[in-house]
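**Student:** Pasting target.cif here (mmCIF, C-alpha atoms):
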```cif
data_data
loop_
_atom_site.label_atom_id
_atom_site.label_comp_id
_atom_site.auth_asym_id
_atom_site.auth_seq_id
_atom_site.Cartn_x
_atom_site.Cartn_y
_atom_site.Cartn_z
CA MET A 1 99.36 8.52 55.30
CA THR A 2 101.70 8.57 52.31
CA LEU A 3 104.49 11.07 51.77
CA GLN A 4 102.54 12.39 48.77
CA SER A 5 99.60 13.24 51.02
CA LYS A 6 101.86 14.87 53.60
CA ILE A 7 103.45 17.02 50.87
CA ARG A 8 100.00 18.09 49.65
CA ILE A 9 98.91 19.07 53.17
CA ALA A 10 102.14 21.00 53.79
CA ALA A 11 101.75 22.80 50.44
CA ILE A 12 98.16 23.77 51.24
CA ILE A 13 99.20 25.09 54.67
CA ALA A 14 102.06 27.14 53.19
CA THR A 15 99.85 28.59 50.47
CA ILE A 16 96.95 29.52 52.76
CA CYS A 17 99.26 31.06 55.37
CA PHE A 18 100.89 33.19 52.62
CA TRP A 19 97.59 35.10 52.33
CA LEU A 20 97.19 35.59 56.10
CA SER A 21 98.85 38.20 58.35
CA TRP A 22 102.61 37.66 58.59
CA VAL A 23 103.83 40.86 60.22
CA SER A 24 102.24 43.33 62.60
CA VAL A 25 103.70 46.84 62.70
CA SER A 26 103.17 49.22 65.58
CA CYS A 27 104.63 52.55 66.66
CA SER A 28 104.62 53.33 70.38
CA ALA A 29 101.25 52.02 71.51
CA ASN A 30 99.55 52.60 68.13
CA HIS A 31 98.86 49.58 65.97
CA ILE A 32 99.73 50.58 62.40
CA GLY A 33 98.72 47.48 60.51
CA ASP A 34 99.04 43.80 59.66
CA PHE A 35 100.70 42.69 56.45
CA SER A 36 100.36 39.33 54.70
CA GLY A 37 102.95 37.62 52.54
CA TYR A 38 101.01 38.79 49.50
CA THR A 39 100.98 42.41 50.73
CA LEU A 40 104.73 42.29 51.37
CA ALA A 41 105.30 40.88 47.88
CA ALA A 42 102.99 43.24 45.99
CA ASP A 43 103.01 46.49 48.00
CA GLY A 44 105.64 46.28 50.73
CA ILE A 45 104.90 48.02 53.99
CA VAL A 46 103.41 51.44 53.28
CA VAL A 47 101.71 53.32 56.12
CA SER A 48 100.41 56.83 56.70
CA ASP A 49 102.66 58.95 58.88
CA PRO A 50 100.76 59.82 62.09
CA THR A 51 103.09 62.74 62.80
CA THR A 52 101.89 64.77 59.79
CA ILE A 53 98.54 66.49 59.38
CA THR A 54 98.09 65.23 55.83
CA GLY A 55 98.96 61.67 56.79
CA GLU A 56 101.42 61.29 53.93
CA LEU A 57 102.46 57.75 53.09
CA VAL A 58 105.75 56.39 54.34
CA THR A 59 107.35 53.28 52.89
CA LEU A 60 108.77 51.11 55.64
CA LEU A 61 109.64 48.25 53.28
CA ASP A 62 109.71 48.22 49.49
CA PRO A 63 107.72 45.53 47.64
CA GLN A 64 109.43 42.16 47.69
CA PRO A 65 108.24 40.48 44.44
CA PHE A 66 110.48 37.44 44.90
CA LEU A 67 108.18 36.48 47.79
CA PHE A 68 105.83 35.18 45.11
CA LEU A 69 108.25 32.21 45.02
CA VAL A 70 106.53 31.03 48.22
CA PRO A 71 103.12 30.18 46.71
CA ILE A 72 104.74 29.18 43.39
CA GLY A 73 107.01 26.69 45.19
CA ALA A 74 104.13 25.35 47.29
CA VAL A 75 101.82 24.99 44.29
CA LEU A 76 104.65 23.32 42.34
CA ALA A 77 105.12 20.79 45.15
CA PHE A 78 101.36 20.22 45.32
CA ALA A 79 101.05 19.68 41.56
CA LEU A 80 104.06 17.38 41.39
CA SER A 81 102.66 15.22 44.19
CA PHE A 82 100.17 13.79 41.69
CA GLY A 83 101.12 11.36 38.96
CA GLN A 84 104.16 9.17 38.61
CA ARG A 85 106.72 9.47 41.36
CA SER A 86 110.34 9.96 40.42
CA LYS A 87 113.54 11.27 41.91
CA ARG A 88 113.49 14.28 39.58
CA ARG A 89 109.98 15.25 40.62
CA SER A 90 110.97 14.89 44.28
CA TYR A 91 113.97 17.14 43.79
CA LEU A 92 111.78 19.73 42.04
CA LYS A 93 109.54 19.74 45.13
CA VAL A 94 112.61 20.24 47.32
CA ALA A 95 113.76 23.09 45.07
CA GLY A 96 110.33 24.76 45.27
CA GLY A 97 110.36 24.62 49.06
CA ILE A 98 113.92 25.91 49.30
CA ALA A 99 113.18 28.79 46.88
CA GLY A 100 110.26 29.86 49.07
CA LEU A 101 112.37 29.66 52.23
CA LEU A 102 115.14 31.73 50.64
CA ALA A 103 112.65 34.39 49.56
CA ILE A 104 111.28 34.58 53.11
CA SER A 105 114.80 34.82 54.53
CA ILE A 106 115.76 37.69 52.23
CA THR A 107 112.57 39.58 53.07
CA PHE A 108 112.98 39.21 56.80
CA VAL A 109 116.59 40.35 56.64
CA GLY A 110 115.19 43.54 55.05
CA ILE A 111 112.55 43.87 57.75
CA MET A 112 115.13 43.40 60.50
CA ASN A 113 117.39 46.02 58.89
CA ARG A 114 114.46 48.46 58.78
CA ALA A 115 113.66 47.74 62.43
CA LEU A 116 117.29 48.41 63.43
CA GLU A 117 117.36 51.64 61.40
CA ALA A 118 114.13 52.77 63.05
CA GLN A 119 115.50 51.96 66.48
CA GLN A 120 118.74 53.85 65.85
CA SER A 121 116.86 56.91 64.58
CA GLY A 122 114.78 57.04 67.75
CA SER A 123 111.57 55.76 66.16
CA LEU A 124 109.47 53.42 68.21
CA ALA A 125 108.43 51.27 65.25
CA ARG A 126 108.05 47.63 66.21
CA TYR A 127 107.66 44.58 63.97
CA GLU A 128 106.14 41.32 65.19
CA THR A 129 105.77 38.09 63.25
CA ARG A 130 102.38 36.41 63.33
CA LEU A 131 101.40 32.75 63.44
CA ALA A 132 100.66 32.64 59.70
CA PHE A 133 104.29 33.50 58.98
CA TRP A 134 105.42 30.51 60.99
CA GLY A 135 102.74 28.38 59.30
CA THR A 136 104.19 29.29 55.92
CA VAL A 137 107.75 28.57 57.04
CA GLY A 138 106.69 25.30 58.65
CA GLY A 139 104.77 24.22 55.54
CA LEU A 140 107.78 24.90 53.31
CA VAL A 141 110.15 23.09 55.66
CA LEU A 142 107.83 20.07 55.72
CA ILE A 143 107.66 20.09 51.91
CA VAL A 144 111.46 19.98 51.76
CA LEU A 145 111.74 17.23 54.40
CA PHE A 146 108.98 15.03 52.98
CA ALA A 147 110.12 15.46 49.37
CA ARG A 148 113.72 14.70 50.34
CA SER A 149 112.57 11.59 52.15
CA GLU A 150 110.50 10.63 49.11
CA ALA A 151 113.52 11.12 46.83
CA ALA A 152 115.60 8.80 49.01
CA ASN A 153 113.06 6.02 48.41
CA GLN A 154 113.04 6.38 44.60
CA PRO A 155 115.28 4.57 42.14
CA PRO A 156 117.77 6.74 40.26
CA PRO A 157 116.34 8.53 37.22
CA TYR A 158 116.59 6.85 33.83
CA SER A 159 119.53 8.07 31.82
CA PRO A 160 119.02 8.40 28.06
CA LEU A 161 122.61 7.23 27.61
CA GLU A 162 121.77 3.85 29.05
CA SER A 163 120.29 1.41 26.61
CA ASP A 164 117.65 -1.16 27.42
CA THR A 165 118.15 -2.88 24.08
CA HIS A 166 120.19 -5.99 23.84
CA GLU A 167 122.88 -6.44 21.27
CA LEU A 168 121.69 -8.39 18.29
CA ASP A 169 123.04 -11.86 17.98
CA VAL A 170 124.52 -11.69 14.46
CA ASP A 171 125.46 -15.39 14.34
CA ASN A 172 121.86 -16.54 14.77
CA ALA A 173 120.34 -13.89 12.51
CA THR A 174 119.95 -16.22 9.51
#
```
Go ahead and express the file in the form of structure tokens.

**Tutor:**
Amino acid sequence: MTLQSKIRIAAIIATICFWLSWVSVSCSANHIGDFSGYTLAADGIVVSDPTTITGELVTLLDPQPFLFLVPIGAVLAFALSFGQRSKRRSYLKVAGGIAGLLAISITFVGIMNRALEAQQSGSLARYETRLAFWGTVGGLVLIVLFARSEAANQPPPYSPLESDTHELDVDNAT
């Protein structure tokens, strides 16, 4: 199997897992809900408060729109895996994977901060990561590793400053 094929498979895994449940939130023994990467990016974590009669909505985590870098980076790596291979294209795949991983890291720092705040305030809110989260992270890591390996096997990119033309032989021009 070629590195191109491996990158495509990793990109597909990362993209599909982005739409599946990443985080499960519970309070005491009550399951509050499951949230996908898309839900975290578009809506954040918004739940109804079980302690109120009206069930007013409580925001546990604001929307994280930069999480959309995850599917964008994976789709970029997938699209660049077709066509002519070059070092630049390989580095763009690496950049797409790293951007997605950074977005996930930033989001989960926010989730961990919220969990610590909830714990300190006496709330019993609990956050658990799901398998799809790890599938997304694994897919992005594989994209970075395979694309980096691919880049190592490519010749350096052509520089427009280098000239392929030969100097004209003026003496024999007659």

**Student:** A:Ala99, A:Ile106, A:Cys27, A:Ile143: which is nearest Leu60 (chain A), counting all atoms listed in the file?

**Tutor:**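 Smallest separation from Leu60 (chain A) among the options: A:Cys27.
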
**Student:** What do you get, as a ChimeraX atom specification, if you spell out every residue that the PyMOL selection byres ((chain A and resi 67) around 9) selects here?

**Tutor:** /A:37-38,40-42,64-66,68-71,100,102-104,106-107

**Student:** Please provide as a list of chain:residue names all residues within 12 Å of region 131-134 of chain A, with the sequence filter that same-chain residues fewer than 4 positions apart are discarded (counting only C-alpha atoms).

**Tutor:**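 Contacts, with the query itself left out: A:Ile13, A:Ala14, A:Thr15, A:Ile16, A:Cys17, A:Phe18, A:Trp19, A:Leu20, A:Ser21, A:Trp22, A:Val23, A:Ser24, A:Asp34, A:Phe35, A:Ser36, A:Gly37, A:Tyr38, A:Leu40, A:Val70, A:Leu101, A:Ile104, A:Ser105, A:Thr107, A:Phe108, A:Gly138, A:Gly139, A:Leu140, A:Val141, A:Leu142.
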
**Student:** Restricting the output to C-alpha atoms, write the selected residues as a PDB file, keeping the file's coordinate frame.

**Tutor:**
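As a result, part33.pdb now contains:
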```pdb
ATOM      1  CA  ILE A  13      99.200  25.090  54.670  1.00  0.00           C
ATOM      2  CA  ALA A  14     102.060  27.140  53.190  1.00  0.00           C
ATOM      3  CA  THR A  15      99.850  28.590  50.470  1.00  0.00           C
ATOM      4  CA  ILE A  16      96.950  29.520  52.760  1.00  0.00           C
ATOM      5  CA  CYS A  17      99.260  31.060  55.370  1.00  0.00           C
ATOM      6  CA  PHE A  18     100.890  33.190  52.620  1.00  0.00           C
ATOM      7  CA  TRP A  19      97.590  35.100  52.330  1.00  0.00           C
ATOM      8  CA  LEU A  20      97.190  35.590  56.100  1.00  0.00           C
ATOM      9  CA  SER A  21      98.850  38.200  58.350  1.00  0.00           C
ATOM     10  CA  TRP A  22     102.610  37.660  58.590  1.00  0.00           C
ATOM     11  CA  VAL A  23     103.830  40.860  60.220  1.00  0.00           C
ATOM     12  CA  SER A  24     102.240  43.330  62.600  1.00  0.00           C
ATOM     13  CA  ASP A  34      99.040  43.800  59.660  1.00  0.00           C
ATOM     14  CA  PHE A  35     100.700  42.690  56.450  1.00  0.00           C
ATOM     15  CA  SER A  36     100.360  39.330  54.700  1.00  0.00           C
ATOM     16  CA  GLY A  37     102.950  37.620  52.540  1.00  0.00           C
ATOM     17  CA  TYR A  38     101.010  38.790  49.500  1.00  0.00           C
ATOM     18  CA  LEU A  40     104.730  42.290  51.370  1.00  0.00           C
ATOM     19  CA  VAL A  70     106.530  31.030  48.220  1.00  0.00           C
ATOM     20  CA  LEU A 101     112.370  29.660  52.230  1.00  0.00           C
ATOM     21  CA  ILE A 104     111.280  34.580  53.110  1.00  0.00           C
ATOM     22  CA  SER A 105     114.800  34.820  54.530  1.00  0.00           C
ATOM     23  CA  THR A 107     112.570  39.580  53.070  1.00  0.00           C
ATOM     24  CA  PHE A 108     112.980  39.210  56.800  1.00  0.00           C
ATOM     25  CA  GLY A 138     106.690  25.300  58.650  1.00  0.00           C
ATOM     26  CA  GLY A 139     104.770  24.220  55.540  1.00  0.00           C
ATOM     27  CA  LEU A 140     107.780  24.900  53.310  1.00  0.00           C
ATOM     28  CA  VAL A 141     110.150  23.090  55.660  1.00  0.00           C
ATOM     29  CA  LEU A 142     107.830  20.070  55.720  1.00  0.00           C
TER      30      LEU A 142
END
```

**Student:** Just the residues within 10 Å of Val47 (chain A), please, counting only C-alpha atoms, with nothing from its chain fewer than 5 positions along; format it as a ChimeraX atom specification.

**Tutor:** /A:25,32-33,55-61

**Student:** Output the selection as a PDB file, in the frame of the given file - C-alpha atoms for each residue.

**Tutor:**
```pdb
ATOM      1  CA  VAL A  25     103.700  46.840  62.700  1.00  0.00           C
ATOM      2  CA  ILE A  32      99.730  50.580  62.400  1.00  0.00           C
ATOM      3  CA  GLY A  33      98.720  47.480  60.510  1.00  0.00           C
ATOM      4  CA  GLY A  55      98.960  61.670  56.790  1.00  0.00           C
ATOM      5  CA  GLU A  56     101.420  61.290  53.930  1.00  0.00           C
ATOM      6  CA  LEU A  57     102.460  57.750  53.090  1.00  0.00           C
ATOM      7  CA  VAL A  58     105.750  56.390  54.340  1.00  0.00           C
ATOM      8  CA  THR A  59     107.350  53.280  52.890  1.00  0.00           C
ATOM      9  CA  LEU A  60     108.770  51.110  55.640  1.00  0.00           C
ATOM     10  CA  LEU A  61     109.640  48.250  53.280  1.00  0.00           C
TER      11      LEU A  61
END
```

**Student:** What would the list of residues within 12 Å of (114.9, 49.6, 61.0) (file frame) look like as a PDB file with C-alpha atoms, in the coordinates of the input, if all atoms listed in the file are what count?

**Tutor:**
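Ended up saving to point_21.pdb:
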```pdb
ATOM      1  CA  VAL A  25     103.700  46.840  62.700  1.00  0.00           C
ATOM      2  CA  THR A  59     107.350  53.280  52.890  1.00  0.00           C
ATOM      3  CA  LEU A  60     108.770  51.110  55.640  1.00  0.00           C
ATOM      4  CA  LEU A  61     109.640  48.250  53.280  1.00  0.00           C
ATOM      5  CA  PHE A 108     112.980  39.210  56.800  1.00  0.00           C
ATOM      6  CA  VAL A 109     116.590  40.350  56.640  1.00  0.00           C
ATOM      7  CA  GLY A 110     115.190  43.540  55.050  1.00  0.00           C
ATOM      8  CA  ILE A 111     112.550  43.870  57.750  1.00  0.00           C
ATOM      9  CA  MET A 112     115.130  43.400  60.500  1.00  0.00           C
ATOM     10  CA  ASN A 113     117.390  46.020  58.890  1.00  0.00           C
ATOM     11  CA  ARG A 114     114.460  48.460  58.780  1.00  0.00           C
ATOM     12  CA  ALA A 115     113.660  47.740  62.430  1.00  0.00           C
ATOM     13  CA  LEU A 116     117.290  48.410  63.430  1.00  0.00           C
ATOM     14  CA  GLU A 117     117.360  51.640  61.400  1.00  0.00           C
ATOM     15  CA  ALA A 118     114.130  52.770  63.050  1.00  0.00           C
ATOM     16  CA  GLN A 119     115.500  51.960  66.480  1.00  0.00           C
ATOM     17  CA  GLN A 120     118.740  53.850  65.850  1.00  0.00           C
ATOM     18  CA  SER A 121     116.860  56.910  64.580  1.00  0.00           C
ATOM     19  CA  GLY A 122     114.780  57.040  67.750  1.00  0.00           C
ATOM     20  CA  SER A 123     111.570  55.760  66.160  1.00  0.00           C
ATOM     21  CA  LEU A 124     109.470  53.420  68.210  1.00  0.00           C
ATOM     22  CA  ALA A 125     108.430  51.270  65.250  1.00  0.00           C
ATOM     23  CA  ARG A 126     108.050  47.630  66.210  1.00  0.00           C
ATOM     24  CA  TYR A 127     107.660  44.580  63.970  1.00  0.00           C
TER      25      TYR A 127
END
```

**Student:** Using all atoms listed in the file, can you tell me which of A:Val137, A:Ala29, A:Ser86, A:Gly96 comes closest to Ala151 (chain A)?

**Tutor:**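 Ranking A:Val137, A:Ala29, A:Ser86, A:Gly96 by distance to Ala151 (chain A), first place goes to A:Ser86.
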
**Student:** For Lys87 (chain A), please output as a PyMOL selection string all residues within 12 Å (counting only C-alpha atoms; exclusion window: fewer than 2 positions along the same chain).

**Tutor:** chain A and resi 80-81+84-85+89-94+147-158

**Student:** What's the separation between CA of Glu128 (chain A) and CA of Ile72 (chain A), in Å to one decimal place?

**Tutor:** 25.0 Å

**Student:** Provide the CA of Val75 (chain A) to CA of Ile9 (chain A) distance in Å, to one decimal place.

**Tutor:**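 Computed distance, CA of Val75 (chain A) to CA of Ile9 (chain A), equals 11.1 Å.
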
**Student:** Quick one: distance from CA of Leu145 (chain A) to CA of Thr2 (chain A) in Å, one decimal?

**Tutor:**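 Computing the Euclidean distance for CA of Leu145 (chain A) and CA of Thr2 (chain A) yields 13.4 Å.
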
**Student:** Check the smallest atom-to-atom distance from each of A:Gly44, A:Ile12, A:Ser28, A:Ile7 to Val144 (chain A) using only C-alpha atoms, then report the winner.

**Tutor:**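 The shortest atom-to-atom distance to Val144 (chain A) comes from A:Ile7.
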
**Student:** Some atoms are absent from region 138-149 of chain A, so rebuild all heavy atoms and return them as a PDB file, in the frame of the given file.

**Tutor:**
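Saved file result13.pdb follows:
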```
ATOM      1  N   GLY A 138     106.831  26.712  58.296  1.00  0.00           N
ATOM      2  CA  GLY A 138     106.690  25.300  58.650  1.00  0.00           C
ATOM      3  C   GLY A 138     106.225  24.450  57.482  1.00  0.00           C
ATOM      4  O   GLY A 138     106.734  23.346  57.262  1.00  0.00           O
ATOM      5  N   GLY A 139     105.251  24.951  56.715  1.00  0.00           N
ATOM      6  CA  GLY A 139     104.770  24.220  55.540  1.00  0.00           C
ATOM      7  C   GLY A 139     105.871  24.000  54.526  1.00  0.00           C
ATOM      8  O   GLY A 139     106.023  22.902  53.970  1.00  0.00           O
ATOM      9  N   LEU A 140     106.681  25.033  54.276  1.00  0.00           N
ATOM     10  CA  LEU A 140     107.780  24.900  53.310  1.00  0.00           C
ATOM     11  C   LEU A 140     108.857  23.944  53.815  1.00  0.00           C
ATOM     12  O   LEU A 140     109.399  23.139  53.047  1.00  0.00           O
ATOM     13  CB  LEU A 140     108.379  26.273  53.006  1.00  0.00           C
ATOM     14  CG  LEU A 140     107.482  27.231  52.223  1.00  0.00           C
ATOM     15  CD1 LEU A 140     108.104  28.616  52.174  1.00  0.00           C
ATOM     16  CD2 LEU A 140     107.217  26.713  50.820  1.00  0.00           C
ATOM     17  N   VAL A 141     109.164  24.017  55.101  1.00  0.00           N
ATOM     18  CA  VAL A 141     110.150  23.090  55.660  1.00  0.00           C
ATOM     19  C   VAL A 141     109.660  21.654  55.550  1.00  0.00           C
ATOM     20  O   VAL A 141     110.418  20.749  55.176  1.00  0.00           O
ATOM     21  CB  VAL A 141     110.475  23.455  57.134  1.00  0.00           C
ATOM     22  CG1 VAL A 141     111.248  22.348  57.838  1.00  0.00           C
ATOM     23  CG2 VAL A 141     111.247  24.768  57.196  1.00  0.00           C
ATOM     24  N   LEU A 142     108.387  21.426  55.844  1.00  0.00           N
ATOM     25  CA  LEU A 142     107.830  20.070  55.720  1.00  0.00           C
ATOM     26  C   LEU A 142     107.861  19.585  54.279  1.00  0.00           C
ATOM     27  O   LEU A 142     108.137  18.407  54.023  1.00  0.00           O
ATOM     28  CB  LEU A 142     106.412  20.029  56.279  1.00  0.00           C
ATOM     29  CG  LEU A 142     106.302  20.140  57.796  1.00  0.00           C
ATOM     30  CD1 LEU A 142     104.842  20.214  58.227  1.00  0.00           C
ATOM     31  CD2 LEU A 142     107.002  18.979  58.477  1.00  0.00           C
ATOM     32  N   ILE A 143     107.577  20.477  53.322  1.00  0.00           N
ATOM     33  CA  ILE A 143     107.660  20.090  51.910  1.00  0.00           C
ATOM     34  C   ILE A 143     109.075  19.599  51.603  1.00  0.00           C
ATOM     35  O   ILE A 143     109.262  18.537  50.989  1.00  0.00           O
ATOM     36  CB  ILE A 143     107.291  21.267  50.981  1.00  0.00           C
ATOM     37  CG1 ILE A 143     105.795  21.535  51.042  1.00  0.00           C
ATOM     38  CG2 ILE A 143     107.724  20.981  49.536  1.00  0.00           C
ATOM     39  CD1 ILE A 143     105.365  22.811  50.334  1.00  0.00           C
ATOM     40  N   VAL A 144     110.072  20.355  52.033  1.00  0.00           N
ATOM     41  CA  VAL A 144     111.460  19.980  51.760  1.00  0.00           C
ATOM     42  C   VAL A 144     111.795  18.644  52.417  1.00  0.00           C
ATOM     43  O   VAL A 144     112.367  17.751  51.779  1.00  0.00           O
ATOM     44  CB  VAL A 144     112.435  21.085  52.242  1.00  0.00           C
ATOM     45  CG1 VAL A 144     113.876  20.618  52.179  1.00  0.00           C
ATOM     46  CG2 VAL A 144     112.246  22.344  51.418  1.00  0.00           C
ATOM     47  N   LEU A 145     111.417  18.477  53.685  1.00  0.00           N
ATOM     48  CA  LEU A 145     111.740  17.230  54.400  1.00  0.00           C
ATOM     49  C   LEU A 145     111.029  16.019  53.801  1.00  0.00           C
ATOM     50  O   LEU A 145     111.649  14.975  53.579  1.00  0.00           O
ATOM     51  CB  LEU A 145     111.395  17.374  55.877  1.00  0.00           C
ATOM     52  CG  LEU A 145     112.241  18.362  56.672  1.00  0.00           C
ATOM     53  CD1 LEU A 145     111.725  18.471  58.097  1.00  0.00           C
ATOM     54  CD2 LEU A 145     113.703  17.968  56.654  1.00  0.00           C
ATOM     55  N   PHE A 146     109.725  16.156  53.534  1.00  0.00           N
ATOM     56  CA  PHE A 146     108.980  15.030  52.980  1.00  0.00           C
ATOM     57  C   PHE A 146     109.432  14.695  51.569  1.00  0.00           C
ATOM     58  O   PHE A 146     109.558  13.515  51.208  1.00  0.00           O
ATOM     59  CB  PHE A 146     107.474  15.305  52.989  1.00  0.00           C
ATOM     60  CG  PHE A 146     106.866  15.371  54.370  1.00  0.00           C
ATOM     61  CD1 PHE A 146     105.821  16.233  54.628  1.00  0.00           C
ATOM     62  CD2 PHE A 146     107.321  14.577  55.409  1.00  0.00           C
ATOM     63  CE1 PHE A 146     105.244  16.300  55.895  1.00  0.00           C
ATOM     64  CE2 PHE A 146     106.762  14.633  56.664  1.00  0.00           C
ATOM     65  CZ  PHE A 146     105.718  15.499  56.910  1.00  0.00           C
ATOM     66  N   ALA A 147     109.685  15.710  50.750  1.00  0.00           N
ATOM     67  CA  ALA A 147     110.120  15.460  49.370  1.00  0.00           C
ATOM     68  C   ALA A 147     111.515  14.849  49.355  1.00  0.00           C
ATOM     69  O   ALA A 147     111.802  13.979  48.528  1.00  0.00           O
ATOM     70  CB  ALA A 147     110.082  16.748  48.555  1.00  0.00           C
ATOM     71  N   ARG A 148     112.375  15.286  50.262  1.00  0.00           N
ATOM     72  CA  ARG A 148     113.720  14.700  50.340  1.00  0.00           C
ATOM     73  C   ARG A 148     113.638  13.249  50.769  1.00  0.00           C
ATOM     74  O   ARG A 148     114.336  12.388  50.242  1.00  0.00           O
ATOM     75  CB  ARG A 148     114.574  15.517  51.318  1.00  0.00           C
ATOM     76  CG  ARG A 148     115.970  15.027  51.483  1.00  0.00           C
ATOM     77  CD  ARG A 148     116.731  15.107  50.167  1.00  0.00           C
ATOM     78  NE  ARG A 148     117.993  14.418  50.280  1.00  0.00           N
ATOM     79  CZ  ARG A 148     118.283  13.272  49.687  1.00  0.00           C
ATOM     80  NH1 ARG A 148     117.417  12.695  48.892  1.00  0.00           N
ATOM     81  NH2 ARG A 148     119.451  12.706  49.845  1.00  0.00           N
ATOM     82  N   SER A 149     112.770  12.965  51.712  1.00  0.00           N
ATOM     83  CA  SER A 149     112.570  11.590  52.150  1.00  0.00           C
ATOM     84  C   SER A 149     112.002  10.735  51.018  1.00  0.00           C
ATOM     85  O   SER A 149     112.396   9.592  50.828  1.00  0.00           O
ATOM     86  CB  SER A 149     111.627  11.574  53.352  1.00  0.00           C
ATOM     87  OG  SER A 149     111.378  10.275  53.771  1.00  0.00           O
TER      88      SER A 149
END
```
